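Remarks on the structure that follows.
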Amino acid sequence: GRILPAHGAALVGDEGTKKDGEKALREAVGHLGSAAKSLGADSKTAADLCDLSMQKAVAQLYLGLRDEASSSYVTAIRWDPTKLDYGQMLTSLKGEDDSLYIETLGKGSKAFAKQWGDGQNADAGLHWWRGYAQHFAGQYDDSITSFETSIEKFPSYTSGLWYIGLSHWQKGVEHFPKAAEAWERYVVVNPREYAQTVQSVPTNAGYIGKAVQLLWKDGQPHLDNVQAARFAELLVAADRTRPEYWSSLGVMSRDAGFAVAQRKPKDAPKSAEQLYDRAWEAYQRAADLERRPEFLNDGAVILHYYLERDYERAIELYDEAEKLGKEWLEGAHDFSNEAPDARSVVETAVRDAGNNRAALKKKMGGS
């Protein structure tokens, strides 16, 4: 029976031998079924029963019998869910959608639990793949449940946290805090893998950046800014070498601090001062990575208007921002490969640095 599926599969690919191949495959299905029946439902032969069922499923797929193959896969999972290639199964069972695959893994999980008990973790990979298919089928709540089950059974499957967060993200802005929570868990338990996941596909960082954009209420004391700051932190956690991520974190932390200071929510994760401190740190990191006039001015603003300390340092930063900005505007910097508004941003930084410095010196009693 084990030789016939391969022999039949080789024959069905050619029109001249297709009928002989189908005959060989039907015989294989019969022989494999008989072999499994002869072994009985004995856990001692679980490995053989699993293998026979997988071979039978392959033969049925070559015959176009997807529903029958699904049943054979359920039986294989019952005996040993670690032996199946769930990625290959996803391709093999795919029809107009992934519903048969999702159903097969669901039935297989129940069969495995019935055979071996609920406390087993050998089906952790099954739950990961079921969650993956459910996510892309738009079954976001079910996907979240499957991935959480996978992680509970096998905590090393941390990549499921990305999809848990993404499923919450796909459900809409009101679910963004849950998305942030899942991705924050990912950063804690596996920071390197989290960073690799976000950096591997541009759209992944795009999801986080989009959340920042949708949540941010520029200059308003809105508590959505606290959530925006969480996502800005997630961008920094993904790539600590990008100055624009640090600058974004500076803005979001500043506005989150302003919201907390004005609204005084009881459940705020950080105080206003802590958020302002984080904004100052973020702007310093941005400026250390790339000395830009706007980063220097924005950092000084945090010291000047929000933290109200280190005024001499703030004046130094205003001076540097103005001097560097003027040099850039006079031709020392090439703006051609930057964003269309890059030059106007520097112009604003030069103007604001001068005005802010004058205001600060007046506040300090100087001229």
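Every chain in the structure tokens takes a letter, A first, then B, and so on in the order presented; its residues are numbered from 1, and the ligands are numbered from 1 following the presented order.
Using only C-alpha atoms, the residues found no farther than 7 Å from stretch 103-109 of chain A, other than those of its own chain fewer than 3 positions away, are A:Ser70, A:Val74, A:Thr75, A:Ile77, A:Arg78, A:Ser99, A:Leu100, A:Phe112, A:Ala113, A:Asp123, A:Leu126, A:Arg130.
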Write the residues you've just listed into a file as a tab-separated table (two decimals), in the first residue's frame, and include C-alpha atoms for each of them.
```tsv
chain	number	residue	atom	x	y	z
A	70	SER	CA	-9.72	15.46	5.34
A	74	VAL	CA	-8.20	13.77	11.17
A	75	THR	CA	-7.32	10.14	11.92
A	77	ILE	CA	-3.85	13.79	13.89
A	78	ARG	CA	-5.68	11.60	16.37
A	99	SER	CA	-12.69	26.29	5.49
A	100	LEU	CA	-11.96	22.58	4.97
A	112	PHE	CA	-6.45	13.81	19.62
A	113	ALA	CA	-7.84	15.07	22.96
A	123	ASP	CA	-1.10	19.52	19.23
A	126	LEU	CA	-1.81	22.29	15.09
A	130	ARG	CA	-5.31	26.69	12.69
```
Which residues in stretch 121-252 of chain A does DSSP call helix (DSSP H, G or I)? List them as an MDAnalysis selection string. chainID A and resid 124:136 140:153 160:170 173:189 191:200 202:215 224:238 243:252
So that I have them on file, write out the residues from the current selection with C-alpha atoms, as a short mmCIF file (atom, residue, chain, number, x, y, z; two decimals), in the first residue's frame.
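Done, and the output landed in part_34.cif:
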```cif
data_model
loop_
_atom_site.label_atom_id
_atom_site.label_comp_id
_atom_site.auth_asym_id
_atom_site.auth_seq_id
_atom_site.Cartn_x
_atom_site.Cartn_y
_atom_site.Cartn_z
CA ALA A 124 0.36 22.97 19.97
CA GLY A 125 1.61 23.27 16.39
CA LEU A 126 -1.81 22.29 15.09
CA HIS A 127 -3.41 25.14 17.02
CA TRP A 128 -0.78 27.58 15.67
CA TRP A 129 -1.56 26.64 12.08
CA ARG A 130 -5.31 26.69 12.69
CA GLY A 131 -4.96 30.18 14.12
CA TYR A 132 -2.92 31.20 11.08
CA ALA A 133 -5.60 30.00 8.66
CA GLN A 134 -8.39 31.54 10.74
CA HIS A 135 -6.61 34.88 10.75
CA PHE A 136 -6.37 35.05 6.97
CA TYR A 140 -10.19 36.98 14.10
CA ASP A 141 -11.72 35.96 17.43
CA ASP A 142 -11.24 32.27 16.65
CA SER A 143 -7.69 32.97 15.49
CA ILE A 144 -6.87 34.71 18.77
CA THR A 145 -8.23 31.72 20.72
CA SER A 146 -6.21 29.23 18.65
CA PHE A 147 -2.95 31.14 19.01
CA GLU A 148 -3.46 31.63 22.76
CA THR A 149 -4.06 27.87 23.06
CA SER A 150 -0.90 27.17 21.10
CA ILE A 151 1.18 29.43 23.33
CA GLU A 152 -0.38 28.02 26.50
CA LYS A 153 0.53 24.51 25.37
CA GLY A 160 1.64 33.57 17.61
CA LEU A 161 1.69 36.81 19.60
CA TRP A 162 2.23 38.74 16.37
CA TYR A 163 -0.94 37.29 14.89
CA ILE A 164 -2.90 37.78 18.11
CA GLY A 165 -2.01 41.46 17.96
CA LEU A 166 -2.72 41.65 14.25
CA SER A 167 -6.14 40.01 14.68
CA HIS A 168 -7.05 42.62 17.30
CA TRP A 169 -5.70 45.32 14.94
CA GLN A 170 -7.87 44.06 12.09
CA VAL A 173 -9.35 51.10 16.29
CA GLU A 174 -11.30 50.30 19.44
CA HIS A 175 -9.33 47.02 19.66
CA PHE A 176 -5.90 48.66 19.20
CA PRO A 177 -5.10 48.57 22.95
CA LYS A 178 -5.44 44.77 22.84
CA ALA A 179 -3.17 44.69 19.79
CA ALA A 180 -0.56 46.74 21.67
CA GLU A 181 -0.86 44.43 24.66
CA ALA A 182 -0.13 41.34 22.56
CA TRP A 183 2.84 42.93 20.82
CA GLU A 184 4.19 44.21 24.13
CA ARG A 185 4.06 40.62 25.41
CA TYR A 186 6.01 39.59 22.30
CA VAL A 187 8.70 42.21 23.01
CA VAL A 188 9.06 40.93 26.57
CA VAL A 189 9.24 37.19 25.86
CA PRO A 191 12.46 40.71 21.62
CA ARG A 192 14.76 39.49 18.86
CA GLU A 193 12.06 37.49 17.10
CA TYR A 194 9.63 40.39 17.47
CA ALA A 195 12.11 42.74 15.79
CA GLN A 196 12.76 40.24 13.01
CA THR A 197 9.03 39.80 12.44
CA VAL A 198 8.38 43.53 12.15
CA GLN A 199 11.41 44.13 9.93
CA SER A 200 10.85 41.10 7.68
CA PRO A 202 7.39 46.36 5.31
CA THR A 203 3.65 46.04 5.89
CA ASN A 204 4.27 44.73 9.42
CA ALA A 205 5.87 47.99 10.54
CA GLY A 206 3.11 49.68 8.57
CA TYR A 207 0.43 48.22 10.83
CA ILE A 208 2.12 49.73 13.87
CA GLY A 209 2.76 53.06 12.17
CA LYS A 210 -0.86 53.20 11.00
CA ALA A 211 -2.03 52.71 14.57
CA VAL A 212 0.09 55.69 15.64
CA GLN A 213 -1.45 57.82 12.90
CA LEU A 214 -5.03 56.81 13.65
CA LEU A 215 -4.72 57.29 17.41
CA ASP A 224 -5.78 58.19 22.61
CA ASN A 225 -2.33 59.77 22.66
CA VAL A 226 -1.39 57.42 25.49
CA GLN A 227 -2.20 54.50 23.19
CA ALA A 228 -0.33 56.17 20.32
CA ALA A 229 2.75 56.32 22.54
CA ARG A 230 2.49 52.57 23.18
CA PHE A 231 2.64 51.87 19.44
CA ALA A 232 5.50 54.34 19.01
CA GLU A 233 7.40 52.32 21.65
CA LEU A 234 6.69 49.19 19.61
CA LEU A 235 8.30 50.73 16.54
CA VAL A 236 11.42 51.58 18.55
CA ALA A 237 11.49 48.03 19.94
CA ALA A 238 11.48 46.74 16.37
CA PRO A 243 15.98 58.16 14.20
CA GLU A 244 12.49 58.77 12.81
CA TYR A 245 11.11 56.10 15.16
CA TRP A 246 12.72 57.85 18.14
CA SER A 247 11.43 61.22 16.98
CA SER A 248 7.91 59.80 16.65
CA LEU A 249 8.20 58.38 20.15
CA GLY A 250 9.22 61.83 21.38
CA VAL A 251 6.12 63.43 19.90
CA MET A 252 3.76 60.71 21.12
#
```
Env of A:Ala358: 12 Å cut, atoms = only C-alpha atoms, seq-sep filter 6 positions within chain, self excluded. Answer as a PyMOL selection string. chain A and resi 304+314-315+318-319+351-352+364-367
Can you tell me which residues surround stretch 266-268 of chain A at a distance of at most 10 Å, considering only C-alpha atoms, apart from same-chain residues fewer than 2 positions away, and format the answer as an MDAnalysis selection string? chainID A and resid 223 226 256:257 260 263:264 270:272
Using only C-alpha atoms for the distances, tell me which of A:Arg291, A:Leu303, A:Glu308, A:Lys56 is nearest to A:Trp328. A:Arg291
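The smallest atom-to-atom distance between A:Pro293 and any of A:Thr91, A:Gln120, A:Ser344, A:Gln55, using only C-alpha atoms, is found for A:Ser344.
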For A:Gln60, please output as a ChimeraX atom specification all residues within 12 Å (counting only C-alpha atoms; exclusion window: fewer than 6 positions along the same chain). /A:5-6,8-9,22-30,32-33,53-54,66-73,92-93
Those selected residues, please, written with N, CA and C atoms and delivered as an mmCIF file, in the first residue's frame.
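Once everything was written out, this is part28.cif:
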```cif
data_model
loop_
_atom_site.group_PDB
_atom_site.id
_atom_site.type_symbol
_atom_site.label_atom_id
_atom_site.label_comp_id
_atom_site.auth_asym_id
_atom_site.auth_seq_id
_atom_site.Cartn_x
_atom_site.Cartn_y
_atom_site.Cartn_z
ATOM 1 N N PRO A 5 0.760 4.530 -3.586
ATOM 2 C CA PRO A 5 0.451 5.954 -3.721
ATOM 3 C C PRO A 5 1.494 6.693 -4.560
ATOM 4 N N ALA A 6 2.775 6.409 -4.320
ATOM 5 C CA ALA A 6 3.828 7.082 -5.081
ATOM 6 C C ALA A 6 3.778 6.669 -6.545
ATOM 7 N N GLY A 8 1.114 5.537 -8.196
ATOM 8 C CA GLY A 8 -0.090 6.119 -8.793
ATOM 9 C C GLY A 8 0.066 7.604 -9.050
ATOM 10 N N ALA A 9 0.686 8.308 -8.104
ATOM 11 C CA ALA A 9 0.880 9.752 -8.246
ATOM 12 C C ALA A 9 1.742 10.061 -9.464
ATOM 13 N N GLU A 22 -4.852 6.310 -11.525
ATOM 14 C CA GLU A 22 -6.039 6.373 -10.662
ATOM 15 C C GLU A 22 -6.365 5.002 -10.089
ATOM 16 N N LYS A 23 -6.186 3.985 -10.909
ATOM 17 C CA LYS A 23 -6.433 2.611 -10.429
ATOM 18 C C LYS A 23 -5.459 2.270 -9.299
ATOM 19 N N ALA A 24 -4.188 2.609 -9.500
ATOM 20 C CA ALA A 24 -3.178 2.331 -8.469
ATOM 21 C C ALA A 24 -3.483 3.086 -7.188
ATOM 22 N N LEU A 25 -3.962 4.307 -7.325
ATOM 23 C CA LEU A 25 -4.285 5.114 -6.140
ATOM 24 C C LEU A 25 -5.486 4.547 -5.392
ATOM 25 N N ARG A 26 -6.495 4.098 -6.129
ATOM 26 C CA ARG A 26 -7.660 3.492 -5.467
ATOM 27 C C ARG A 26 -7.266 2.214 -4.742
ATOM 28 N N GLU A 27 -6.391 1.450 -5.353
ATOM 29 C CA GLU A 27 -5.909 0.232 -4.692
ATOM 30 C C GLU A 27 -5.115 0.591 -3.435
ATOM 31 N N ALA A 28 -4.331 1.642 -3.541
ATOM 32 C CA ALA A 28 -3.543 2.077 -2.381
ATOM 33 C C ALA A 28 -4.442 2.470 -1.226
ATOM 34 N N VAL A 29 -5.510 3.211 -1.523
ATOM 35 C CA VAL A 29 -6.455 3.619 -0.479
ATOM 36 C C VAL A 29 -7.018 2.390 0.215
ATOM 37 N N GLY A 30 -7.385 1.369 -0.575
ATOM 38 C CA GLY A 30 -7.938 0.147 0.009
ATOM 39 C C GLY A 30 -6.928 -0.599 0.851
ATOM 40 N N LEU A 32 -4.185 0.548 2.286
ATOM 41 C CA LEU A 32 -3.810 1.318 3.476
ATOM 42 C C LEU A 32 -4.902 1.245 4.534
ATOM 43 N N GLY A 33 -6.156 1.271 4.107
ATOM 44 C CA GLY A 33 -7.267 1.144 5.048
ATOM 45 C C GLY A 33 -7.273 -0.216 5.710
ATOM 46 N N SER A 53 -2.508 6.613 7.788
ATOM 47 C CA SER A 53 -3.569 7.597 7.524
ATOM 48 C C SER A 53 -3.055 8.746 6.667
ATOM 49 N N MET A 54 -1.824 9.191 6.908
ATOM 50 C CA MET A 54 -1.256 10.263 6.087
ATOM 51 C C MET A 54 -1.070 9.793 4.645
ATOM 52 N N ARG A 66 -11.103 15.399 -1.695
ATOM 53 C CA ARG A 66 -10.650 16.280 -0.621
ATOM 54 C C ARG A 66 -11.354 15.988 0.702
ATOM 55 N N ASP A 67 -12.647 15.735 0.675
ATOM 56 C CA ASP A 67 -13.377 15.453 1.918
ATOM 57 C C ASP A 67 -12.877 14.161 2.560
ATOM 58 N N GLU A 68 -12.639 13.142 1.726
ATOM 59 C CA GLU A 68 -12.133 11.874 2.246
ATOM 60 C C GLU A 68 -10.709 12.049 2.796
ATOM 61 N N ALA A 69 -9.911 12.857 2.095
ATOM 62 C CA ALA A 69 -8.550 13.129 2.575
ATOM 63 C C ALA A 69 -8.604 13.845 3.922
ATOM 64 N N SER A 70 -9.553 14.753 4.066
ATOM 65 C CA SER A 70 -9.723 15.456 5.337
ATOM 66 C C SER A 70 -9.961 14.462 6.475
ATOM 67 N N SER A 71 -10.832 13.481 6.237
ATOM 68 C CA SER A 71 -11.120 12.475 7.272
ATOM 69 C C SER A 71 -9.875 11.666 7.620
ATOM 70 N N SER A 72 -9.079 11.355 6.606
ATOM 71 C CA SER A 72 -7.845 10.600 6.854
ATOM 72 C C SER A 72 -6.856 11.439 7.660
ATOM 73 N N TYR A 73 -6.786 12.719 7.354
ATOM 74 C CA TYR A 73 -5.904 13.597 8.123
ATOM 75 C C TYR A 73 -6.371 13.694 9.581
ATOM 76 N N SER A 92 -2.740 21.683 0.236
ATOM 77 C CA SER A 92 -3.412 20.512 -0.318
ATOM 78 C C SER A 92 -4.926 20.551 -0.165
ATOM 79 N N LEU A 93 -5.387 21.059 0.969
ATOM 80 C CA LEU A 93 -6.827 21.057 1.248
ATOM 81 C C LEU A 93 -7.520 22.333 0.797
#
```
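One finds atom CA of A:Leu296 at 12.3 Å from atom CA of A:Arg357.
Of note, atom CA of A:Lys217 and atom CA of A:Val346 are spaced 22.7 Å apart.
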Pick from A:Ala137, A:Glu316, A:Phe258, A:Asn355, whichever lies nearest to A:Glu96 using only C-alpha atoms: A:Ala137
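Here atom CA of A:Val350 and atom CA of A:Gly325 stand 5.6 Å from one another.
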Residue neighbourhood stretch 44-47 of chain A, 8 Å, only C-alpha atoms, exclusion window fewer than 4 positions, as a compact mmCIF listing (two decimals) with N, CA and C atoms, in the first residue's frame:
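Final file, out10.txt:
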```txt
# COMPACT_ATOMS: atom_id res chain seq x y z
N LEU A 39 -4.35 -3.29 12.43
CA LEU A 39 -3.62 -2.86 13.63
C LEU A 39 -4.55 -2.56 14.79
N ASP A 51 1.01 7.14 10.22
CA ASP A 51 1.66 7.09 8.91
C ASP A 51 0.72 6.54 7.85
N TRP A 79 -3.73 10.19 16.11
CA TRP A 79 -2.67 9.32 16.61
C TRP A 79 -1.38 10.07 16.91
N ASP A 80 -1.04 11.05 16.12
CA ASP A 80 0.19 11.80 16.41
C ASP A 80 0.20 13.11 15.62
```
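Residues with any atom within 8 Å of A:Phe295, counting only C-alpha atoms and excluding same-chain neighbours fewer than 5 positions away, are Ser247, Tyr283, Gln284, Ala286 and Ala287 of chain A.
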Would you mind exporting all heavy atoms of the selected residues as a PDB file, in the first residue's frame?
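Okay, part35.pdb is ready:
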```pdb
ATOM      1  N   SER A 247      12.092  59.913  17.053  1.00  0.00           N
ATOM      2  CA  SER A 247      11.432  61.217  16.984  1.00  0.00           C
ATOM      3  C   SER A 247       9.921  61.079  17.157  1.00  0.00           C
ATOM      4  O   SER A 247       9.284  61.857  17.875  1.00  0.00           O
ATOM      5  CB  SER A 247      11.739  61.890  15.638  1.00  0.00           C
ATOM      6  OG  SER A 247      11.027  63.100  15.510  1.00  0.00           O
ATOM      7  N   TYR A 283      14.017  62.093  22.064  1.00  0.00           N
ATOM      8  CA  TYR A 283      14.589  63.125  21.198  1.00  0.00           C
ATOM      9  C   TYR A 283      16.113  63.116  21.251  1.00  0.00           C
ATOM     10  O   TYR A 283      16.785  63.373  20.238  1.00  0.00           O
ATOM     11  CB  TYR A 283      14.049  64.504  21.572  1.00  0.00           C
ATOM     12  CG  TYR A 283      12.673  64.780  21.014  1.00  0.00           C
ATOM     13  CD1 TYR A 283      11.632  65.192  21.840  1.00  0.00           C
ATOM     14  CD2 TYR A 283      12.407  64.646  19.655  1.00  0.00           C
ATOM     15  CE1 TYR A 283      10.364  65.454  21.339  1.00  0.00           C
ATOM     16  CE2 TYR A 283      11.142  64.903  19.141  1.00  0.00           C
ATOM     17  CZ  TYR A 283      10.126  65.303  19.979  1.00  0.00           C
ATOM     18  OH  TYR A 283       8.889  65.562  19.469  1.00  0.00           O
ATOM     19  N   GLN A 284      16.669  62.829  22.423  1.00  0.00           N
ATOM     20  CA  GLN A 284      18.128  62.719  22.518  1.00  0.00           C
ATOM     21  C   GLN A 284      18.642  61.577  21.644  1.00  0.00           C
ATOM     22  O   GLN A 284      19.648  61.730  20.938  1.00  0.00           O
ATOM     23  CB  GLN A 284      18.545  62.470  23.972  1.00  0.00           C
ATOM     24  CG  GLN A 284      18.409  63.674  24.890  1.00  0.00           C
ATOM     25  CD  GLN A 284      18.942  63.341  26.271  1.00  0.00           C
ATOM     26  OE1 GLN A 284      20.097  63.584  26.597  1.00  0.00           O
ATOM     27  NE2 GLN A 284      18.083  62.770  27.102  1.00  0.00           N
ATOM     28  N   ALA A 286      17.163  60.279  19.028  1.00  0.00           N
ATOM     29  CA  ALA A 286      16.993  60.650  17.619  1.00  0.00           C
ATOM     30  C   ALA A 286      18.149  61.545  17.160  1.00  0.00           C
ATOM     31  O   ALA A 286      18.737  61.330  16.092  1.00  0.00           O
ATOM     32  CB  ALA A 286      15.657  61.355  17.424  1.00  0.00           C
ATOM     33  N   ALA A 287      18.475  62.539  17.979  1.00  0.00           N
ATOM     34  CA  ALA A 287      19.545  63.482  17.625  1.00  0.00           C
ATOM     35  C   ALA A 287      20.912  62.811  17.624  1.00  0.00           C
ATOM     36  O   ALA A 287      21.794  63.170  16.823  1.00  0.00           O
ATOM     37  CB  ALA A 287      19.534  64.667  18.583  1.00  0.00           C
TER      38      ALA A 287
END
```
Could you check which of A:Leu360, A:Ala122, A:Lys37, A:Gly331 is closest to A:Asp310, using only C-alpha atoms? A:Leu360
